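Trainee: For reference, this is start-v1.txt, and it has compact mmCIF, C-alpha atoms.
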# COMPACT_ATOMS: atom_id res chain seq x y z
CA MET A 1 -122.05 158.01 -64.95
CA SER A 2 -119.37 159.16 -62.52
CA PHE A 3 -120.27 161.03 -59.34
CA ARG A 4 -118.39 164.11 -60.52
CA THR A 5 -120.15 164.17 -63.90
CA ALA A 6 -123.52 163.69 -62.28
CA ALA A 7 -122.81 166.46 -59.80
CA LEU A 8 -121.88 168.88 -62.56
CA ARG A 9 -125.06 168.11 -64.48
CA LEU A 10 -127.12 168.74 -61.38
CA LEU A 11 -125.44 172.03 -60.47
CA PRO A 12 -128.21 174.39 -61.66
CA ALA A 13 -130.60 172.77 -59.20
CA ALA A 14 -127.95 172.19 -56.59
CA LEU A 15 -127.01 175.86 -56.42
CA LEU A 16 -130.47 176.61 -55.10
CA LEU A 17 -129.59 174.45 -52.12
CA LEU A 18 -125.92 175.34 -51.91
CA SER A 19 -126.60 179.05 -51.78
CA ALA A 20 -127.33 178.87 -48.07
CA CYS A 21 -123.93 179.91 -46.78
CA SER A 22 -122.21 180.81 -43.56
CA GLU A 23 -124.63 182.83 -41.52
CA SER A 24 -127.95 182.48 -43.04
CA ASN A 25 -130.11 181.97 -46.01
CA THR A 26 -132.47 184.15 -47.90
CA LYS A 27 -136.16 184.68 -48.08
CA THR A 28 -138.36 186.99 -50.11
CA GLU A 29 -138.62 190.55 -48.84
CA THR A 30 -141.13 190.93 -46.02
CA VAL A 31 -144.05 193.28 -46.50
CA ALA A 32 -144.07 196.43 -44.42
CA SER A 33 -146.60 195.11 -41.94
CA ALA A 34 -144.72 191.84 -41.34
CA LYS A 35 -142.17 191.22 -38.63
CA GLU A 36 -138.71 192.11 -39.87
CA GLU A 37 -136.62 189.29 -41.20
CA THR A 38 -133.65 188.08 -39.19
CA MET A 39 -130.84 185.77 -40.16
CA ALA A 40 -132.45 183.03 -38.13
CA THR A 41 -135.84 183.36 -39.82
CA THR A 42 -134.29 183.25 -43.26
CA ALA A 43 -132.43 180.08 -42.35
CA ASP A 44 -135.61 178.54 -40.96
CA ALA A 45 -137.55 179.47 -44.09
CA ILE A 46 -135.08 177.74 -46.38
CA ASP A 47 -134.93 174.60 -44.24
CA SER A 48 -138.58 174.57 -43.16
CA THR A 49 -139.08 171.09 -44.60
CA LYS A 50 -136.11 169.61 -42.77
CA SER A 51 -135.76 168.42 -39.20
CA ALA A 52 -133.26 166.48 -37.22
CA ALA A 53 -133.71 162.73 -37.14
CA PRO A 54 -135.74 161.69 -34.08
CA VAL A 55 -134.14 159.65 -31.36
CA ALA A 56 -135.54 156.14 -31.15
CA ALA A 57 -137.68 155.45 -28.11
CA GLY A 58 -135.66 154.11 -25.23
CA THR A 59 -132.37 155.29 -26.74
CA LYS A 60 -130.20 157.32 -24.42
CA ALA A 61 -128.37 160.27 -25.87
CA ALA A 62 -124.62 160.13 -25.61
CA PRO A 63 -123.27 162.19 -22.71
CA ARG A 64 -122.13 165.60 -23.89
CA PRO A 65 -118.97 167.22 -22.55
CA ASN A 66 -119.02 170.42 -20.57
CA ARG A 67 -119.16 172.98 -23.36
CA LEU A 68 -117.71 175.69 -21.20
CA ALA A 69 -114.54 173.90 -20.11
CA ALA A 70 -111.28 174.98 -21.75
CA PRO A 71 -109.91 171.90 -23.54
CA ASP A 72 -106.45 170.45 -23.26
CA THR A 73 -104.41 172.20 -25.93
CA ALA A 74 -102.46 169.15 -27.09
CA TYR A 75 -105.68 167.18 -27.42
CA ALA A 76 -107.34 170.01 -29.37
CA GLN A 77 -104.45 170.14 -31.83
CA ASP A 78 -104.56 166.38 -32.32
CA VAL A 79 -108.32 166.51 -32.90
CA ALA A 80 -107.80 169.21 -35.52
CA LEU A 81 -105.23 167.04 -37.29
CA PHE A 82 -107.44 163.96 -37.04
CA LEU A 83 -110.48 165.72 -38.50
CA GLY A 84 -108.34 167.14 -41.29
CA GLY A 85 -106.97 163.75 -42.31
CA LEU A 86 -103.52 164.60 -40.95
CA GLN A 87 -101.55 162.32 -38.66
CA PRO A 88 -101.96 163.16 -34.95
CA SER A 89 -98.86 163.57 -32.83
CA GLN A 90 -96.84 160.47 -31.96
CA HIS A 91 -97.94 160.28 -28.33
CA SER A 92 -101.58 161.15 -28.92
CA ASP A 93 -104.25 158.71 -27.77
CA LEU A 94 -105.80 159.25 -31.23
CA THR A 95 -103.00 157.35 -32.98
CA ALA A 96 -104.92 154.09 -32.61
CA LEU A 97 -107.96 155.63 -34.32
CA ALA A 98 -105.72 157.04 -37.04
CA ALA A 99 -104.36 153.55 -37.70
CA THR A 100 -107.76 152.13 -38.67
CA PRO A 101 -108.44 151.39 -42.36
CA ALA A 102 -111.39 153.81 -42.33
CA TRP A 103 -109.26 156.76 -41.19
CA GLN A 104 -106.39 155.82 -43.52
CA ALA A 105 -108.79 155.83 -46.49
CA PHE A 106 -110.28 159.13 -45.28
CA ALA A 107 -106.80 160.68 -44.97
CA LYS A 108 -105.85 159.68 -48.52
CA ASP A 109 -109.10 161.07 -49.87
CA GLN A 110 -108.62 164.32 -47.97
CA ASP A 111 -105.07 164.68 -49.26
CA ARG A 112 -106.40 164.41 -52.82
CA SER A 113 -109.17 166.91 -52.17
CA TRP A 114 -106.88 169.44 -50.51
CA ASP A 115 -104.21 169.02 -53.22
CA LYS A 116 -106.88 169.86 -55.80
CA TYR A 117 -108.10 172.79 -53.72
CA ARG A 118 -104.58 174.15 -53.37
CA ALA A 119 -104.05 173.93 -57.13
CA THR A 120 -107.34 175.61 -58.03
CA HIS A 121 -107.72 178.03 -55.13
CA THR A 122 -105.10 178.39 -52.41
CA THR A 123 -102.04 178.85 -54.63
CA ARG A 124 -103.84 181.27 -56.93
CA MET A 125 -105.47 183.16 -54.06
CA THR A 126 -102.14 183.52 -52.27
CA GLN A 127 -100.36 184.80 -55.37
CA TRP A 128 -103.20 187.21 -56.12
CA ALA A 129 -103.38 188.47 -52.53
CA ASN A 130 -99.61 188.97 -52.33
CA THR A 131 -99.84 191.26 -55.35
CA GLU A 132 -103.20 192.98 -55.10
CA LEU A 133 -103.52 193.14 -51.30
CA ASP A 134 -99.89 193.83 -50.42
CA SER A 135 -100.58 197.32 -49.05
CA VAL A 136 -103.78 196.05 -47.41
CA HIS A 137 -101.88 193.34 -45.57
CA ALA A 138 -99.47 195.91 -44.19
CA SER A 139 -102.29 197.81 -42.48
CA SER A 140 -104.72 195.03 -41.58
CA PRO A 141 -103.87 193.64 -38.15
CA THR A 142 -107.57 192.92 -37.52
CA ILE A 143 -110.00 191.32 -39.97
CA PHE A 144 -113.77 191.42 -39.44
CA TYR A 145 -115.65 188.67 -41.28
CA PRO A 146 -119.41 188.97 -40.75
CA PHE A 147 -121.71 186.21 -42.06
CA SER A 148 -118.69 183.90 -42.03
CA GLY A 149 -119.87 180.75 -40.30
CA PRO A 150 -116.81 178.59 -39.61
CA ASP A 151 -114.95 179.81 -42.73
CA PHE A 152 -111.50 180.43 -41.31
CA LEU A 153 -110.12 178.83 -44.49
CA ASN A 154 -110.79 181.67 -46.92
CA VAL A 155 -110.08 184.56 -44.58
CA VAL A 156 -106.65 183.28 -43.49
CA THR A 157 -105.75 182.55 -47.12
CA MET A 158 -106.64 186.09 -48.15
CA PHE A 159 -105.08 187.73 -45.08
CA PRO A 160 -102.29 185.44 -43.86
CA THR A 161 -100.32 188.13 -42.02
CA SER A 162 -103.14 189.49 -39.85
CA GLN A 163 -103.01 188.93 -36.11
CA THR A 164 -106.70 188.93 -35.18
CA TYR A 165 -109.71 187.51 -37.01
CA VAL A 166 -113.28 188.16 -35.83
CA LEU A 167 -115.84 185.79 -37.36
CA MET A 168 -119.58 185.94 -36.77
CA GLY A 169 -122.30 183.56 -37.87
CA LEU A 170 -125.55 181.89 -36.90
CA GLU A 171 -123.93 178.53 -36.27
CA PRO A 172 -123.57 177.56 -32.59
CA VAL A 173 -120.09 177.97 -31.18
CA GLY A 174 -119.57 174.27 -30.55
CA SER A 175 -116.79 172.54 -28.66
CA VAL A 176 -113.76 170.34 -29.16
CA PRO A 177 -115.16 166.88 -30.06
CA ALA A 178 -114.95 164.23 -27.39
CA ARG A 179 -113.21 160.91 -28.02
CA ALA A 180 -116.60 159.16 -28.27
CA SER A 181 -117.57 161.43 -31.16
CA LEU A 182 -114.31 160.68 -32.98
CA GLU A 183 -115.00 156.94 -32.69
CA ASN A 184 -118.40 157.28 -34.38
CA PRO A 185 -118.18 155.37 -37.71
CA LYS A 186 -120.39 158.01 -39.32
CA LEU A 187 -117.98 160.83 -38.44
CA LEU A 188 -115.48 160.65 -41.30
CA PRO A 189 -118.06 160.33 -44.11
CA THR A 190 -119.98 163.25 -42.59
CA VAL A 191 -116.89 165.47 -42.42
CA LYS A 192 -116.08 164.60 -46.03
CA THR A 193 -119.61 165.46 -47.14
CA SER A 194 -119.61 168.72 -45.19
CA LEU A 195 -116.36 169.86 -46.78
CA TRP A 196 -117.39 168.96 -50.31
CA SER A 197 -119.09 172.24 -51.19
CA VAL A 198 -116.47 174.53 -49.68
CA LEU A 199 -113.62 172.68 -51.42
CA ASN A 200 -115.44 172.59 -54.75
CA PHE A 201 -117.46 175.81 -54.74
CA SER A 202 -115.73 177.90 -52.00
CA PHE A 203 -118.86 178.25 -49.83
CA PHE A 204 -120.80 176.13 -47.35
CA ARG A 205 -124.18 174.42 -47.59
CA THR A 206 -124.70 175.75 -44.10
CA ASN A 207 -128.03 174.33 -43.00
CA ASP A 208 -127.56 170.89 -44.53
CA MET A 209 -124.07 170.82 -43.07
CA ALA A 210 -125.31 171.74 -39.60
CA VAL A 211 -127.80 168.88 -39.58
CA ASP A 212 -125.15 166.43 -40.79
CA LEU A 213 -122.59 167.48 -38.20
CA LYS A 214 -125.04 167.38 -35.31
CA SER A 215 -125.74 163.77 -36.16
CA VAL A 216 -122.16 162.89 -35.23
CA GLU A 217 -121.86 165.20 -32.22
CA LEU A 218 -119.95 167.98 -33.97
CA ASP A 219 -122.01 170.71 -32.43
CA GLY A 220 -121.02 173.99 -34.04
CA ALA A 221 -118.44 176.07 -35.85
CA LEU A 222 -115.38 175.27 -33.72
CA PRO A 223 -114.59 171.75 -35.02
CA LEU A 224 -114.43 172.96 -38.64
CA MET A 225 -112.45 176.05 -37.64
CA MET A 226 -109.94 173.72 -35.97
CA LEU A 227 -109.81 171.54 -39.08
CA PHE A 228 -109.16 174.58 -41.30
CA ALA A 229 -106.47 175.82 -38.93
CA ALA A 230 -104.65 172.49 -39.19
CA ARG A 231 -105.00 172.29 -42.98
CA THR A 232 -103.59 175.82 -43.41
CA GLY A 233 -100.48 175.01 -41.39
CA ASN A 234 -101.52 176.70 -38.15
CA GLN A 235 -100.98 175.08 -34.75
CA ILE A 236 -103.58 175.46 -32.01
CA THR A 237 -101.99 176.80 -28.83
CA ALA A 238 -105.13 177.49 -26.79
CA ILE A 239 -108.91 177.39 -26.98
CA ARG A 240 -111.01 179.40 -24.52
CA PRO A 241 -114.81 179.59 -24.29
CA VAL A 242 -115.78 183.27 -24.06
CA GLN A 243 -118.79 185.52 -24.17
CA LEU A 244 -119.60 189.17 -24.82
CA ASP A 245 -121.52 190.98 -22.12
CA ALA A 246 -124.29 193.43 -22.96
CA ALA A 247 -121.73 196.21 -23.51
CA GLY A 248 -119.61 194.09 -25.86
CA LYS A 249 -116.86 193.40 -23.33
CA LEU A 250 -115.01 190.10 -23.80
CA LEU A 251 -115.28 187.79 -20.78
CA ASP A 252 -114.57 184.18 -19.92
CA ALA A 253 -117.65 182.03 -20.36
CA PRO A 254 -119.12 181.06 -16.96
CA LYS A 255 -117.93 177.63 -15.86
CA ASP A 256 -121.15 176.85 -14.03
CA THR A 257 -123.35 175.36 -16.74
CA THR A 258 -126.39 175.46 -14.43
CA GLN A 259 -126.16 179.25 -14.20
CA THR A 260 -128.81 181.11 -16.19
CA PRO A 261 -126.95 183.04 -18.91
CA ASP A 262 -127.38 186.77 -19.33
CA PRO A 263 -130.03 187.08 -22.07
CA LYS A 264 -128.03 189.91 -23.67
CA SER A 265 -124.71 188.03 -23.71
CA ILE A 266 -123.28 186.53 -26.89
CA PRO A 267 -121.53 183.13 -26.78
CA GLY A 268 -118.15 182.76 -28.46
CA VAL A 269 -114.79 181.08 -28.53
CA GLU A 270 -111.21 182.32 -28.67
CA MET A 271 -108.74 180.16 -30.56
CA LYS A 272 -105.05 180.97 -30.27
CA LEU A 273 -102.78 179.81 -33.09
CA ARG A 274 -99.14 179.75 -34.08
CA GLY A 275 -98.94 180.48 -37.78
CA PRO A 276 -96.72 178.67 -40.30
CA ASP A 277 -94.23 181.55 -39.88
CA GLY A 278 -94.25 181.14 -36.09
CA GLN A 279 -96.25 184.31 -35.48
CA PRO A 280 -99.21 184.21 -33.05
CA LYS A 281 -102.78 184.64 -34.24
CA THR A 282 -106.09 184.99 -32.42
CA VAL A 283 -109.37 183.87 -33.93
CA TYR A 284 -112.73 184.79 -32.40
CA TYR A 285 -116.03 183.29 -33.39
CA PHE A 286 -119.32 184.62 -32.04
CA SER A 287 -122.73 183.06 -32.63
CA ALA A 288 -124.90 186.08 -33.35
CA ASP A 289 -127.79 187.27 -35.49
CA LEU A 290 -126.72 190.54 -37.12
CA SER A 291 -130.13 191.71 -38.29
CA ASP A 292 -131.31 195.09 -37.00
CA TRP A 293 -134.18 193.50 -35.10
CA LYS A 294 -131.83 191.27 -33.09
CA LEU A 295 -129.13 193.91 -32.63
CA THR A 296 -131.69 196.25 -31.07
CA SER A 297 -131.92 193.93 -28.07
CA LYS A 298 -128.44 192.39 -28.35
CA SER A 299 -125.98 195.05 -29.49
CA ALA A 300 -122.90 193.34 -28.03
CA PRO A 301 -121.49 192.01 -31.35
CA LEU A 302 -121.20 195.45 -32.93
CA GLU A 303 -120.07 197.08 -29.66
CA PHE A 304 -117.19 194.60 -29.63
CA VAL A 305 -116.33 195.38 -33.27
CA ARG A 306 -116.45 199.13 -32.71
CA HIS A 307 -113.73 198.86 -30.06
CA LEU A 308 -111.32 196.84 -32.20
CA GLY A 309 -109.81 199.87 -33.88
CA PRO A 310 -109.57 200.32 -37.65
CA LEU A 311 -110.73 197.23 -39.52
CA THR A 312 -110.33 195.45 -42.77
CA THR A 313 -113.65 193.77 -43.51
CA TYR A 314 -113.99 190.65 -45.66
CA VAL A 315 -117.38 189.53 -47.00
CA LYS A 316 -118.23 186.65 -49.30
CA SER A 317 -121.25 184.44 -49.95
CA ALA A 318 -123.27 186.59 -47.54
CA THR A 319 -126.72 185.98 -49.10
CA TYR A 320 -126.95 189.70 -49.96
CA LEU A 321 -128.19 190.50 -46.46
CA MET A 322 -126.43 193.88 -46.29
CA HIS A 323 -128.31 194.89 -49.45
CA LYS A 324 -131.43 195.00 -47.29
CA SER A 325 -132.76 197.86 -45.20
CA TYR A 326 -133.04 195.76 -42.04
CA PHE A 327 -129.30 194.99 -41.93
CA ASN A 328 -128.49 198.68 -41.65
CA LYS A 329 -126.68 198.47 -38.30
CA VAL A 330 -123.98 196.01 -39.35
CA ARG A 331 -123.62 197.65 -42.76
CA ARG A 332 -123.16 201.07 -41.19
CA THR A 333 -120.59 199.72 -38.73
CA VAL A 334 -118.58 198.16 -41.55
CA LEU A 335 -118.67 201.36 -43.60
CA ARG A 336 -117.78 203.59 -40.64
CA ARG A 337 -115.02 201.44 -39.11
CA SER A 338 -113.24 199.89 -42.12
CA ARG A 339 -110.18 201.18 -43.90
CA TYR A 340 -110.55 198.45 -46.51
CA ILE A 341 -113.45 196.24 -47.57
CA LEU A 342 -112.86 193.16 -49.71
CA GLN A 343 -116.11 191.60 -50.87
CA ASP A 344 -117.95 189.81 -53.62
CA ASP A 345 -121.22 191.25 -54.89
CA SER A 346 -123.17 189.60 -52.04
CA GLY A 347 -121.64 192.07 -49.57
CA ILE A 348 -122.56 195.76 -49.34
CA ALA A 349 -124.53 197.12 -52.31
CA MET A 350 -122.73 199.89 -54.21
CA LYS A 351 -125.50 202.40 -53.49
CA TYR A 352 -124.50 202.46 -49.81
CA PHE A 353 -120.90 203.58 -50.38
CA GLN A 354 -120.61 207.34 -49.89
CA LYS A 355 -119.61 209.00 -53.16
CA GLY A 356 -116.07 210.34 -53.10
CA ALA A 357 -115.23 208.53 -49.87
CA TRP A 358 -113.95 205.31 -51.40
CA GLN A 359 -111.61 204.16 -54.14
CA PHE A 360 -112.69 200.96 -55.90
CA ASN A 361 -110.69 198.24 -57.60
CA TYR A 362 -112.75 195.67 -59.50
CA TYR A 363 -111.63 192.11 -60.20
CA GLY A 364 -113.05 189.29 -62.27
CA THR A 365 -116.46 189.35 -63.95
CA TYR A 366 -119.87 190.68 -62.95
CA ARG A 367 -122.94 189.56 -64.84
CA ARG A 368 -125.90 188.75 -62.61
CA PRO A 369 -126.43 186.95 -59.30
CA ILE A 370 -127.59 183.37 -59.47
CA ASN A 371 -131.35 182.97 -59.93
CA LEU A 372 -132.09 182.63 -56.22
CA PHE A 373 -130.76 186.17 -55.67
CA ALA A 374 -131.82 187.71 -59.00
CA LYS A 375 -133.45 190.68 -57.25
CA GLN A 376 -130.05 191.77 -55.96
CA TYR A 377 -128.71 192.63 -59.42
CA GLN A 378 -126.73 195.90 -59.40
CA PRO A 379 -126.69 197.98 -62.60
CA GLU A 380 -123.95 200.11 -61.01
CA LEU A 381 -121.64 197.10 -60.99
CA THR A 382 -122.43 196.26 -64.59
CA ALA A 383 -121.48 199.80 -65.56
CA ALA A 384 -118.26 199.62 -63.56
CA TYR A 385 -117.26 196.32 -65.13
CA ARG A 386 -117.91 197.72 -68.63
CA ASP A 387 -115.77 200.83 -68.06
CA THR A 388 -113.24 200.75 -70.89
CA LEU A 389 -111.05 203.44 -69.32
CA HIS A 390 -110.69 201.60 -65.99
CA LYS A 391 -111.00 197.97 -66.93
CA PRO A 392 -111.44 195.42 -64.15
CA LYS A 393 -108.41 193.31 -63.37
CA PRO A 394 -108.35 189.52 -63.75
CA LEU A 395 -109.36 187.24 -60.89
CA PRO A 396 -107.48 183.94 -61.23
CA PHE A 397 -109.74 181.85 -58.97
CA GLY A 398 -113.41 181.24 -58.33
CA THR A 399 -115.22 182.57 -55.27
CA GLY A 400 -118.75 183.15 -54.03
CA TYR A 401 -122.03 181.89 -55.46
CA ASN A 402 -120.89 182.40 -59.05
CA TRP A 403 -118.13 179.99 -58.18
CA ARG A 404 -116.59 179.43 -61.60
CA GLN A 405 -113.44 181.45 -62.18
CA THR A 406 -114.93 182.96 -65.35
CA ASP A 407 -118.00 184.22 -63.42
CA SER A 408 -116.56 185.35 -60.06
CA ASN A 409 -115.95 188.87 -58.84
CA LEU A 410 -114.28 190.72 -55.99
CA LEU A 411 -114.31 194.39 -55.09
CA LEU A 412 -111.59 196.08 -53.04
CA ALA A 413 -112.80 199.35 -51.52
CA LYS A 414 -110.19 201.67 -49.97
CA ARG A 415 -111.30 204.47 -47.66
CA LEU A 416 -110.27 207.96 -48.82
CA VAL A 417 -111.67 209.95 -45.88
CA PRO A 418 -110.91 209.66 -42.14
CA LEU A 419 -112.63 206.96 -40.13
CA ALA A 420 -115.83 207.94 -38.39
CA ASP A 421 -115.80 208.29 -34.63
Kindly transcribe the structure held in the file into structure tokens.

Mentor:
Amino acid sequence: MSFRTAALRLLPAALLLLSACSESNTKTETVASAKEETMATTADAIDSTKSAAPVAAGTKAAPRPNRLAAPDTAYAQDVALFLGGLQPSQHSDLTALAATPAWQAFAKDQDRSWDKYRATHTTRMTQWANTELDSVHASSPTIFYPFSGPDFLNVVTMFPTSQTYVLMGLEPVGSVPARASLENPKLLPTVKTSLWSVLNFSFFRTNDMAVDLKSVELDGALPLMMLFAARTGNQITAIRPVQLDAAGKLLDAPKDTTQTPDPKSIPGVEMKLRGPDGQPKTVYYFSADLSDWKLTSKSAPLEFVRHLGPLTTYVKSATYLMHKSYFNKVRRTVLRRSRYILQDDSGIAMKYFQKGAWQFNYYGTYRRPINLFAKQYQPELTAAYRDTLHKPKPLPFGTGYNWRQTDSNLLLAKRLVPLAD
């Protein structure tokens, strides 16, 4: 039996594992007397049986680079190309690694995978977005993507003309991989495995992926963000470690790694790009828990978002967190500060949209969430998708947990009333 056939037969069970995406995973609703759920506790609950492989006695851990040092830009771009299976620049010191049979085989395999992804997703998504999001693109300089993890791939495909992208997830920020990490023989198979779900199903197996990547010294979201930037035709022009202070102000990360960090600060990274059209882009990623309980003591992420001006918010594969009462703060910020919201059904539940304040366009098909999220079924969406006077429009690609094209849905909400202060 081929690997692909076996994988397809195992999908019903696999989706229970794959459904842990980007920022977090899910857990049954807590009782009133229990401590409120956070994104971190849901992730821990799903992966409670898993732990990192122990280090053998007497084995010294490989030295880790200074995570707070701004990397050499040329090196960062070459690393992005190398991880993406694309040839590094002619004068890069990675050319010798790229000449090995292992990397050559990896590059060919990645070309096949990305060609397939372009045919089934990128080309169709781009054509759809150019038609259905044309007016959105014109007024969306800044995209907010909560619960994103390292998924720069989907947001830049949907919104290729935006100038600023703000991603937030539970994953650590990470750093540009050192040469020693790139020489690890386990690296290329691990990258291939980590990309498998996003290229086949459009979302990450976040917790499994995090464990895999840590095993080869890829320590957070940044390496995959760099890979996605390279594979979407963007060139890295700068990478800067940053942080948000308690008031949400963007600062350089402190260079002194022995300094005790401000407990209310939020770690992040700023990645500057030159797009395929030559236009500059800025991508921010912040490692933050967006549950109400965490935001009460660390409000910086939403303070930063509130000062970005009018937003377009993109949400997919978000484990239905904003359906829940204890993700009220981030949900309210999105609803108050967004001119447009593009989301699948795992985003904001329909009951939270103020009546008369939004215009809705429905795309694709809505039936029910996958079994793991069955409690998040929305009768309001079923009614909307059965409206014979305002029929939903086709969606020519798969997205979200119901990843098949015939089962996927997207909702575009357009604000009809002025933005809240």

Trainee: Fewer than 6 positions away in the same chain doesn't count, so skip those; otherwise give me all residues within 8 Å of region 120-136 of chain A, counting all atoms listed in the file, as a list in words.

Mentor: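 That gives Thr157, Met158, Phe159, Tyr340, Leu395, Pro396, Phe397 and Gly398 of chain A.
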
Trainee: Could you write those residues out with C-alpha atoms, as a short mmCIF file (atom, residue, chain, number, x, y, z; two decimals), in the coordinates of the input?

Mentor:
data_model
loop_
_atom_site.label_atom_id
_atom_site.label_comp_id
_atom_site.auth_asym_id
_atom_site.auth_seq_id
_atom_site.Cartn_x
_atom_site.Cartn_y
_atom_site.Cartn_z
CA THR A 157 -105.75 182.55 -47.12
CA MET A 158 -106.64 186.09 -48.15
CA PHE A 159 -105.08 187.73 -45.08
CA TYR A 340 -110.55 198.45 -46.51
CA LEU A 395 -109.36 187.24 -60.89
CA PRO A 396 -107.48 183.94 -61.23
CA PHE A 397 -109.74 181.85 -58.97
CA GLY A 398 -113.41 181.24 -58.33
#

Trainee: Any idea what the distance is between CA of Thr73 (chain A) and CA of Ala246 (chain A)?

Mentor: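 Result for CA of Thr73 (chain A) versus CA of Ala246 (chain A): 29.2 Å, one decimal.
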
Trainee: Using only C-alpha atoms, which of A:Thr333, A:Thr282, A:Asn371, A:Ser287 sits nearest Pro267 (chain A)?

Mentor: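 Going through A:Thr333, A:Thr282, A:Asn371, A:Ser287 one by one, the smallest distance to Pro267 (chain A) is for A:Ser287.
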
Trainee: Distance CA of His323 (chain A)-CA of Thr161 (chain A), one decimal place?

Mentor: 29.7 Å

Trainee: Which residue, A:Tyr326, A:Phe144, A:Phe228, A:Phe353, has the smallest gap to Phe82 (chain A) when you use all atoms listed in the file?

Mentor: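 Closest candidate: A:Phe228.
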
Trainee: Restricting the calculation to only C-alpha atoms: of A:His307, A:Leu218, A:Pro301, A:Phe147, which residue gets closest to Asn184 (chain A)?

Mentor: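 Checking each candidate against Asn184 (chain A), we get A:Leu218 as the closest.
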
Trainee: Considering all atoms listed in the file, can you say which of A:Leu81, A:Thr237, A:Lys316, A:Arg179 comes closest to Asp93 (chain A)?

Mentor: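 That would be A:Arg179, the residue with the smallest distance to Asp93 (chain A).
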
Trainee: (-108.6, 162.6, -42.6) in this file's frame - what residues fall within 8 Å of it? Use only C-alpha atoms and give the answer as a list in words.

Mentor: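 Using only C-alpha atoms, the matching residues come out as Leu81, Phe82, Leu83, Gly84, Gly85, Leu86, Trp103, Gln104, Ala105, Phe106, Ala107, Lys108, Asp109, Gln110, Asp111 and Leu188 of chain A.
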
Trainee: Write a file of the selected residues as an mmCIF file, in the frame of the given file, keeping C-alpha atoms.

Mentor:
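Result file follows (out.cif):
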data_model
loop_
_atom_site.group_PDB
_atom_site.id
_atom_site.type_symbol
_atom_site.label_atom_id
_atom_site.label_comp_id
_atom_site.auth_asym_id
_atom_site.auth_seq_id
_atom_site.Cartn_x
_atom_site.Cartn_y
_atom_site.Cartn_z
ATOM 1 C CA LEU A 81 -105.230 167.040 -37.290
ATOM 2 C CA PHE A 82 -107.440 163.960 -37.040
ATOM 3 C CA LEU A 83 -110.480 165.720 -38.500
ATOM 4 C CA GLY A 84 -108.340 167.140 -41.290
ATOM 5 C CA GLY A 85 -106.970 163.750 -42.310
ATOM 6 C CA LEU A 86 -103.520 164.600 -40.950
ATOM 7 C CA TRP A 103 -109.260 156.760 -41.190
ATOM 8 C CA GLN A 104 -106.390 155.820 -43.520
ATOM 9 C CA ALA A 105 -108.790 155.830 -46.490
ATOM 10 C CA PHE A 106 -110.280 159.130 -45.280
ATOM 11 C CA ALA A 107 -106.800 160.680 -44.970
ATOM 12 C CA LYS A 108 -105.850 159.680 -48.520
ATOM 13 C CA ASP A 109 -109.100 161.070 -49.870
ATOM 14 C CA GLN A 110 -108.620 164.320 -47.970
ATOM 15 C CA ASP A 111 -105.070 164.680 -49.260
ATOM 16 C CA LEU A 188 -115.480 160.650 -41.300
#

Trainee: Any chance you could work out the axis-aligned box around region 235-252 of chain A, listed atoms only, 3 Å on each side, giving centre and edge lengths in Å to one decimal, as AutoDock Vina command-line options?

Mentor:
--center_x -112.6 --center_y 185.6 --center_z -27.3 --size_x 29.3 --size_y 27.1 --size_z 20.8

Trainee: In Å, with one decimal, what is the gap from CA of Tyr362 (chain A) to CA of Pro379 (chain A)?

Mentor: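 These two atoms are separated by 14.5 Å.
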
Trainee: Identify, on the basis of all atoms listed in the file, every residue whose closest approach to Ile236 (chain A) does not exceed 6 Å; exclude the query and any residue fewer than 2 positions from it along the same chain; express the result as a list in words.

Mentor: Gln77, Ala238, Lys272 and Leu273 of chain A

Trainee: Write the residues of the preceding selection, restricted to C-alpha atoms, as a compact mmCIF listing (two decimals), in the coordinates of the input.

Mentor:
# COMPACT_ATOMS: atom_id res chain seq x y z
CA GLN A 77 -104.45 170.14 -31.83
CA ALA A 238 -105.13 177.49 -26.79
CA LYS A 272 -105.05 180.97 -30.27
CA LEU A 273 -102.78 179.81 -33.09

Trainee: Of the residues A:Ile143, A:Leu94, A:Leu290, A:Ile239, which is the one nearest to Val166 (chain A), using only C-alpha atoms?

Mentor: A:Ile143

Trainee: Tell me which of A:Met322, A:Leu308, A:Leu170, A:Val198 sits closest to Gly268 (chain A), counting only C-alpha atoms.

Mentor: A:Leu170

Trainee: Need to verify the contact set: Lys355 (chain A), 12 Å, all atoms listed in the file, exclusion of same-chain residues closer than 2 positions in sequence. Can you return it as a list in words?

Mentor: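 Residues meeting the cut-off are Met350, Lys351, Tyr352, Phe353, Ala357, Trp358, Gln359, Phe360, Ala413, Arg415, Leu416 and Val417 of chain A.
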
Trainee: Contacts of Arg336 (chain A) at 7 Å or less, counting only C-alpha atoms, minus same-chain residues fewer than 3 places along, as a list of chain:residue names?

Mentor: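 Counting only the stated atoms, we get A:Arg332, A:Thr333, A:Leu419, A:Ala420.
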
Trainee: Would you mind exporting the chosen residues as a compact mmCIF listing (two decimals), in the coordinates of the input, restricted to C-alpha atoms?

Mentor:
# COMPACT_ATOMS: atom_id res chain seq x y z
CA ARG A 332 -123.16 201.07 -41.19
CA THR A 333 -120.59 199.72 -38.73
CA LEU A 419 -112.63 206.96 -40.13
CA ALA A 420 -115.83 207.94 -38.39
